[in-house]
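Asks: This is the structure, below, for whatever I ask next.
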Amino acid sequence: MQLTNRRVRLMGTVIDVSIYHEEPEPLLDQVEALLHTYNKRFSANDDSSELMKINKAAGLHSVTVHPELFELISLGKWHSCQPGSHLNIAIGPLIQTWRIGFSDAKLPLPEEIRPLLDIINPNAILLSENQSVFLKEKGMKIDLGALAKGYIADRIADFLKAEKVTSALINLGGNVLTFGPALHNPDHKWRIGIQNPKETRNTNLMVLAIRDQSVVTSGIYERTFEIDGKTYHHIFDSQTGYPVSSDLASLTIISSLSVDGEIWTTRLFGSSLEHIFQEVSSQAELEAIIVDKDNHCFQTGGIYKMRIS
């Protein structure tokens, strides 16, 4: 069997799904259709998405949603409300004001940012047993960009496994999930490069050999906006309304589930090196690679077994 790849431009990125299968194209057609379905369900930038129905009803009424959307919001709220978490799925108003990563990005005035700090409280997302969501304050907006791609990768993997696919790599714009053997490599492990934050894209700081794992990286070099000689990145501090101040250039999490990698890269970005090591060490099946702004690299113990260069 050959490894067959399908490339889709969606969700503001390039998505690659590679599978080993005797009849890959019909399956990849279904994967592509699923990707469009999930984009329509979770997008904070599509005015007609299922998520936007919740945002439009903020301060007015609750909205009953698809079970997967409810599951992802519930997961995101829980992690957003944990002590010291830098993840905040209620951060939509800030993202839509700054617009970093979009062509109309701007530096907001302090008087624009200040009132938003009162409506980006994840505790004001109310969830009901009937799978409805209510945003207590007008102007609130949920944004699932910090965890949706990981969740989608996991669901695509579930679909492929149900269709008897035994090996695949799912790459949602740098969020990588693998399962089964990489038959094209002698050790049957997939090769995943870790971006060097100081270099052009696809210049690796190191290469990992993994199987049945996900690799997710958050970095301040990913999406940026420059004005008056100062560069602003897309990872926000909910306390200030500005991009988080950090000595980190990138944080990579290796995990079994891709959504876990997404969650923890955002939860921990902005924390101290010591705190990141402590948190990762306390979580089962998590490993981390941390690169600071001086390009110094730190890694948890399990990385040494994966690293091949």
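Identifiers in this document derive from the order of the structure tokens: chains are assigned A, B, ..., residues are numbered from 1 separately in each chain, and ligands are numbered from 1 in order of occurrence.
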Could you list, with a cut-off of 6 Å and counting only C-alpha atoms, the residues of range 231-289 of chain A near range 217-226 of chain A, each shown with its nearest atom pair and the distance in Å rounded to one decimal, rows sorted by chain and ascending number, as a tab-separated table?
Replies:
```
residue	atom	partner	partner_atom	distance
A:Thr231	CA	A:Glu226	CA	4.3
A:Tyr232	CA	A:Phe225	CA	5.2
A:His233	CA	A:Thr224	CA	4.4
A:His234	CA	A:Arg223	CA	5.8
A:Ala249	CA	A:Gly219	CA	5.5
A:Ser250	CA	A:Gly219	CA	4.0
A:Leu251	CA	A:Ser218	CA	5.4
A:Thr252	CA	A:Thr217	CA	4.1
A:Thr265	CA	A:Ser218	CA	5.9
```
Asks: For Gly173 in chain A, list every protein, DNA or RNA residue within 8 Å, evaluated using only C-alpha atoms, and leave out those in the same chain fewer than 4 positions away; present the list as a list in words.
Replies: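 Non-adjacent residues within range: Thr13, Val14, Ile15 and Asp16 of chain A.
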Asks: Would you write out those residues with N, CA, C and O atoms, as a tab-separated table (two decimals), in the first residue's frame?
Replies:
```
chain	number	residue	atom	x	y	z
A	13	THR	N	-5.77	27.75	7.16
A	13	THR	CA	-4.48	27.06	7.14
A	13	THR	C	-4.50	25.99	6.05
A	13	THR	O	-5.47	25.84	5.30
A	14	VAL	N	-3.40	25.25	5.95
A	14	VAL	CA	-3.31	24.12	5.02
A	14	VAL	C	-3.40	22.83	5.83
A	14	VAL	O	-2.66	22.64	6.79
A	15	ILE	N	-4.33	21.97	5.46
A	15	ILE	CA	-4.56	20.71	6.15
A	15	ILE	C	-4.11	19.57	5.26
A	15	ILE	O	-4.47	19.51	4.08
A	16	ASP	N	-3.32	18.65	5.81
A	16	ASP	CA	-2.89	17.45	5.09
A	16	ASP	C	-3.34	16.22	5.87
A	16	ASP	O	-3.07	16.11	7.07
```
Asks: Between A:Leu3, A:Ile100, A:Val291, A:Val31, which residue has the minimum interatomic distance to Glu163 in chain A, considering only C-alpha atoms?
Replies: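 Of A:Leu3, A:Ile100, A:Val291, A:Val31, the one nearest Glu163 in chain A is A:Val31, counting only C-alpha atoms.
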Asks: Pick out the residues sitting within 12 Å of Asn175 in chain A, and hand them over as a VMD selection string; count only C-alpha atoms, and ignore anything fewer than 3 positions along from it in its own chain.
Replies: chain A and resid 13 to 17 146 to 154 169 to 172 178 192 to 195 213 to 218 252 to 255 257 to 263 265
Asks: Using the selection just defined, write its residues with C-alpha atoms as a PDB file, in the first residue's frame.
Replies:
```pdb
ATOM      1  CA  THR A  13      -4.479  27.058   7.138  1.00  0.00           C
ATOM      2  CA  VAL A  14      -3.312  24.122   5.021  1.00  0.00           C
ATOM      3  CA  ILE A  15      -4.558  20.713   6.151  1.00  0.00           C
ATOM      4  CA  ASP A  16      -2.895  17.454   5.094  1.00  0.00           C
ATOM      5  CA  VAL A  17      -4.378  14.021   5.756  1.00  0.00           C
ATOM      6  CA  ALA A 146      -7.094  27.476  20.869  1.00  0.00           C
ATOM      7  CA  LEU A 147      -8.491  23.936  20.939  1.00  0.00           C
ATOM      8  CA  ALA A 148     -10.776  23.228  17.972  1.00  0.00           C
ATOM      9  CA  LYS A 149      -8.090  21.943  15.594  1.00  0.00           C
ATOM     10  CA  GLY A 150      -6.925  19.407  18.161  1.00  0.00           C
ATOM     11  CA  TYR A 151     -10.488  18.239  18.760  1.00  0.00           C
ATOM     12  CA  ILE A 152     -11.100  17.983  15.000  1.00  0.00           C
ATOM     13  CA  ALA A 153      -7.904  15.971  14.494  1.00  0.00           C
ATOM     14  CA  ASP A 154      -9.053  13.513  17.168  1.00  0.00           C
ATOM     15  CA  LEU A 169      -1.026  11.292   9.795  1.00  0.00           C
ATOM     16  CA  ILE A 170      -3.363  14.258  10.249  1.00  0.00           C
ATOM     17  CA  ASN A 171      -1.765  17.700  10.017  1.00  0.00           C
ATOM     18  CA  LEU A 172      -4.031  20.674  10.686  1.00  0.00           C
ATOM     19  CA  THR A 178      -0.428  10.191  14.112  1.00  0.00           C
ATOM     20  CA  ILE A 192       7.793  15.284  12.970  1.00  0.00           C
ATOM     21  CA  GLY A 193       9.920  18.417  12.766  1.00  0.00           C
ATOM     22  CA  ILE A 194       9.881  21.057  15.517  1.00  0.00           C
ATOM     23  CA  GLN A 195      10.127  24.528  14.022  1.00  0.00           C
ATOM     24  CA  GLN A 213       0.883  10.573  19.482  1.00  0.00           C
ATOM     25  CA  SER A 214       0.157  14.209  18.718  1.00  0.00           C
ATOM     26  CA  VAL A 215       2.564  17.139  18.455  1.00  0.00           C
ATOM     27  CA  VAL A 216       1.190  20.668  18.928  1.00  0.00           C
ATOM     28  CA  THR A 217       3.188  23.889  19.032  1.00  0.00           C
ATOM     29  CA  SER A 218       2.168  27.399  20.063  1.00  0.00           C
ATOM     30  CA  THR A 252       5.404  22.198  22.081  1.00  0.00           C
ATOM     31  CA  ILE A 253       3.312  19.536  23.802  1.00  0.00           C
ATOM     32  CA  ILE A 254       3.430  15.854  22.862  1.00  0.00           C
ATOM     33  CA  SER A 255       0.299  13.987  23.967  1.00  0.00           C
ATOM     34  CA  LEU A 257      -4.943  13.224  22.218  1.00  0.00           C
ATOM     35  CA  SER A 258      -4.387  16.214  19.982  1.00  0.00           C
ATOM     36  CA  VAL A 259      -6.905  18.339  21.870  1.00  0.00           C
ATOM     37  CA  ASP A 260      -4.791  17.891  25.022  1.00  0.00           C
ATOM     38  CA  GLY A 261      -1.767  19.275  23.205  1.00  0.00           C
ATOM     39  CA  GLU A 262      -3.778  22.301  22.075  1.00  0.00           C
ATOM     40  CA  ILE A 263      -5.154  22.939  25.547  1.00  0.00           C
ATOM     41  CA  THR A 265       0.190  24.783  24.983  1.00  0.00           C
TER      42      THR A 265
END
```
Asks: Could you go through range 48-275 of chain A and tell me which residues DSSP, when run on the backbone, assigns to helix (DSSP H, G or I), listing them as JSON, numbers by chain?
Replies: {"A": [50, 51, 52, 53, 54, 55, 56, 67, 68, 69, 70, 71, 72, 73, 74, 75, 76, 77, 78, 79, 80, 92, 93, 94, 95, 96, 97, 98, 110, 111, 112, 113, 114, 115, 116, 117, 118, 122, 123, 124, 148, 149, 150, 151, 152, 153, 154, 155, 156, 157, 158, 159, 160, 161, 162, 258, 259, 260, 261, 262, 263, 264, 265, 266, 267, 268, 273, 274, 275]}
Asks: Give me, please, the distance in Å between CA of Thr300 in chain A and CA of Trp190 in chain A, quoted to one decimal.
Replies: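 One can read the CA of Thr300 in chain A to CA of Trp190 in chain A distance as 19.9 Å.
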Asks: May I ask for the distance between CA of Asp212 in chain A and CA of Gly180 in chain A, given in Å to one decimal place?
Replies: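 Going from CA of Asp212 in chain A over to CA of Gly180 in chain A, I get 6.1 Å.
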Asks: Applying 9 Å and only C-alpha atoms, which residues near Ile54 in chain A remain after dropping the ones on its own chain fewer than 4 positions away? List them as a PyMOL selection string.
Replies: chain A and resi 50+58+61-65+133-135+141-142
Asks: Neighbours of Asp247 in chain A within 10 Å (only C-alpha atoms; same-chain residues fewer than 5 positions away dropped), as a PDB file with all heavy atoms, in the first residue's frame?
Replies:
```
ATOM      1  N   PHE A 269       1.265  28.757  28.171  1.00  0.00           N
ATOM      2  CA  PHE A 269       2.055  29.800  27.514  1.00  0.00           C
ATOM      3  C   PHE A 269       1.941  31.096  28.313  1.00  0.00           C
ATOM      4  O   PHE A 269       0.853  31.618  28.520  1.00  0.00           O
ATOM      5  CB  PHE A 269       1.595  30.031  26.073  1.00  0.00           C
ATOM      6  CG  PHE A 269       2.691  30.545  25.186  1.00  0.00           C
ATOM      7  CD1 PHE A 269       3.352  29.685  24.333  1.00  0.00           C
ATOM      8  CD2 PHE A 269       3.095  31.871  25.233  1.00  0.00           C
ATOM      9  CE1 PHE A 269       4.384  30.133  23.525  1.00  0.00           C
ATOM     10  CE2 PHE A 269       4.119  32.329  24.436  1.00  0.00           C
ATOM     11  CZ  PHE A 269       4.767  31.460  23.579  1.00  0.00           C
ATOM     12  N   GLY A 270       3.070  31.602  28.739  1.00  0.00           N
ATOM     13  CA  GLY A 270       3.079  32.771  29.612  1.00  0.00           C
ATOM     14  C   GLY A 270       3.482  32.419  31.032  1.00  0.00           C
ATOM     15  O   GLY A 270       3.773  33.306  31.836  1.00  0.00           O
ATOM     16  N   SER A 271       3.487  31.124  31.353  1.00  0.00           N
ATOM     17  CA  SER A 271       3.933  30.670  32.669  1.00  0.00           C
ATOM     18  C   SER A 271       5.463  30.595  32.702  1.00  0.00           C
ATOM     19  O   SER A 271       6.126  30.609  31.669  1.00  0.00           O
ATOM     20  CB  SER A 271       3.355  29.288  32.993  1.00  0.00           C
ATOM     21  OG  SER A 271       1.949  29.320  33.030  1.00  0.00           O
ATOM     22  N   SER A 272       6.004  30.493  33.902  1.00  0.00           N
ATOM     23  CA  SER A 272       7.447  30.344  34.051  1.00  0.00           C
ATOM     24  C   SER A 272       7.878  28.964  33.598  1.00  0.00           C
ATOM     25  O   SER A 272       7.083  28.015  33.554  1.00  0.00           O
ATOM     26  CB  SER A 272       7.862  30.554  35.502  1.00  0.00           C
ATOM     27  OG  SER A 272       7.371  29.481  36.305  1.00  0.00           O
ATOM     28  N   LEU A 273       9.174  28.854  33.294  1.00  0.00           N
ATOM     29  CA  LEU A 273       9.743  27.567  32.891  1.00  0.00           C
ATOM     30  C   LEU A 273       9.501  26.512  33.962  1.00  0.00           C
ATOM     31  O   LEU A 273       9.111  25.370  33.667  1.00  0.00           O
ATOM     32  CB  LEU A 273      11.242  27.744  32.641  1.00  0.00           C
ATOM     33  CG  LEU A 273      11.985  26.639  31.905  1.00  0.00           C
ATOM     34  CD1 LEU A 273      11.450  26.479  30.491  1.00  0.00           C
ATOM     35  CD2 LEU A 273      13.482  26.936  31.882  1.00  0.00           C
ATOM     36  N   VAL A 291      11.115  26.523  23.990  1.00  0.00           N
ATOM     37  CA  VAL A 291      12.174  27.316  23.378  1.00  0.00           C
ATOM     38  C   VAL A 291      11.983  28.763  23.811  1.00  0.00           C
ATOM     39  O   VAL A 291      10.900  29.327  23.632  1.00  0.00           O
ATOM     40  CB  VAL A 291      12.145  27.219  21.841  1.00  0.00           C
ATOM     41  CG1 VAL A 291      13.327  27.982  21.234  1.00  0.00           C
ATOM     42  CG2 VAL A 291      12.162  25.762  21.389  1.00  0.00           C
ATOM     43  N   ASP A 292      13.028  29.366  24.395  1.00  0.00           N
ATOM     44  CA  ASP A 292      12.892  30.759  24.831  1.00  0.00           C
ATOM     45  C   ASP A 292      13.316  31.712  23.715  1.00  0.00           C
ATOM     46  O   ASP A 292      13.726  31.289  22.627  1.00  0.00           O
ATOM     47  CB  ASP A 292      13.658  31.017  26.137  1.00  0.00           C
ATOM     48  CG  ASP A 292      15.175  30.933  25.992  1.00  0.00           C
ATOM     49  OD1 ASP A 292      15.686  30.985  24.848  1.00  0.00           O
ATOM     50  OD2 ASP A 292      15.858  30.833  27.029  1.00  0.00           O
ATOM     51  N   LYS A 293      13.198  33.005  23.990  1.00  0.00           N
ATOM     52  CA  LYS A 293      13.462  34.005  22.948  1.00  0.00           C
ATOM     53  C   LYS A 293      14.921  34.061  22.524  1.00  0.00           C
ATOM     54  O   LYS A 293      15.242  34.615  21.477  1.00  0.00           O
ATOM     55  CB  LYS A 293      12.987  35.377  23.433  1.00  0.00           C
ATOM     56  CG  LYS A 293      11.466  35.508  23.497  1.00  0.00           C
ATOM     57  CD  LYS A 293      11.051  36.876  23.988  1.00  0.00           C
ATOM     58  CE  LYS A 293       9.534  37.010  23.992  1.00  0.00           C
ATOM     59  NZ  LYS A 293       9.101  38.312  24.548  1.00  0.00           N
ATOM     60  N   ASP A 294      15.799  33.502  23.343  1.00  0.00           N
ATOM     61  CA  ASP A 294      17.215  33.406  22.978  1.00  0.00           C
ATOM     62  C   ASP A 294      17.537  32.097  22.268  1.00  0.00           C
ATOM     63  O   ASP A 294      18.704  31.779  22.038  1.00  0.00           O
ATOM     64  CB  ASP A 294      18.095  33.542  24.229  1.00  0.00           C
ATOM     65  CG  ASP A 294      17.977  34.918  24.865  1.00  0.00           C
ATOM     66  OD1 ASP A 294      17.896  35.910  24.115  1.00  0.00           O
ATOM     67  OD2 ASP A 294      17.958  34.989  26.113  1.00  0.00           O
TER      68      ASP A 294
END
```
Asks: Name the residues in contact with range 239-243 of chain A at a cut-off of 8 Å, using only C-alpha atoms, excluding same-chain residues fewer than 6 positions from it; report them as a list in words.
Replies: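 Here the answer would be Leu94, Ile113, Arg114, Leu116, Leu117, Tyr232 and His233 of chain A.
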Asks: As an exercise, work out the distance from CA of Ser245 in chain A to CA of Tyr304 in chain A in Å and give it to one decimal place.
Replies: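 Calculated distance between CA of Ser245 in chain A and CA of Tyr304 in chain A is 29.0 Å.
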Asks: Name the residues in contact with Lys164 in chain A at a cut-off of 12 Å, using only C-alpha atoms, excluding same-chain residues fewer than 5 positions from it; report them as number ranges by chain.
Replies: A: 19-24, 27, 157-159, 180
Asks: Write the residues you've just listed into a file as a PDB file, in the first residue's frame, and include N, CA and C atoms for each of them.
Replies:
```
ATOM      1  N   ILE A  19      -3.010   8.764   4.530  1.00  0.00           N
ATOM      2  CA  ILE A  19      -3.444   7.459   5.032  1.00  0.00           C
ATOM      3  C   ILE A  19      -2.868   6.332   4.189  1.00  0.00           C
ATOM      4  N   TYR A  20      -2.691   5.182   4.832  1.00  0.00           N
ATOM      5  CA  TYR A  20      -2.401   3.944   4.133  1.00  0.00           C
ATOM      6  C   TYR A  20      -3.726   3.198   3.967  1.00  0.00           C
ATOM      7  N   HIS A  21      -4.133   2.960   2.709  1.00  0.00           N
ATOM      8  CA  HIS A  21      -5.374   2.225   2.460  1.00  0.00           C
ATOM      9  C   HIS A  21      -5.394   1.793   1.002  1.00  0.00           C
ATOM     10  N   GLU A  22      -6.029   0.644   0.716  1.00  0.00           N
ATOM     11  CA  GLU A  22      -6.072   0.134  -0.652  1.00  0.00           C
ATOM     12  C   GLU A  22      -6.978   0.977  -1.549  1.00  0.00           C
ATOM     13  N   GLU A  23      -8.005   1.598  -0.972  1.00  0.00           N
ATOM     14  CA  GLU A  23      -8.880   2.495  -1.737  1.00  0.00           C
ATOM     15  C   GLU A  23      -9.006   3.819  -0.980  1.00  0.00           C
ATOM     16  N   PRO A  24      -7.973   4.645  -1.025  1.00  0.00           N
ATOM     17  CA  PRO A  24      -7.931   5.825  -0.165  1.00  0.00           C
ATOM     18  C   PRO A  24      -8.846   6.970  -0.580  1.00  0.00           C
ATOM     19  N   LEU A  27     -12.371   7.486   0.985  1.00  0.00           N
ATOM     20  CA  LEU A  27     -12.250   7.829   2.400  1.00  0.00           C
ATOM     21  C   LEU A  27     -11.792   9.261   2.581  1.00  0.00           C
ATOM     22  N   ALA A 157      -9.397  11.163  13.297  1.00  0.00           N
ATOM     23  CA  ALA A 157      -8.735   9.893  13.617  1.00  0.00           C
ATOM     24  C   ALA A 157      -9.768   8.837  13.998  1.00  0.00           C
ATOM     25  N   ASP A 158     -10.761   9.204  14.809  1.00  0.00           N
ATOM     26  CA  ASP A 158     -11.828   8.267  15.190  1.00  0.00           C
ATOM     27  C   ASP A 158     -12.549   7.739  13.954  1.00  0.00           C
ATOM     28  N   PHE A 159     -12.853   8.645  13.032  1.00  0.00           N
ATOM     29  CA  PHE A 159     -13.549   8.249  11.803  1.00  0.00           C
ATOM     30  C   PHE A 159     -12.705   7.267  11.000  1.00  0.00           C
ATOM     31  N   GLY A 180      -0.890   4.428  14.257  1.00  0.00           N
ATOM     32  CA  GLY A 180      -0.449   3.280  13.481  1.00  0.00           C
ATOM     33  C   GLY A 180       0.966   3.449  12.959  1.00  0.00           C
TER      34      GLY A 180
END
```
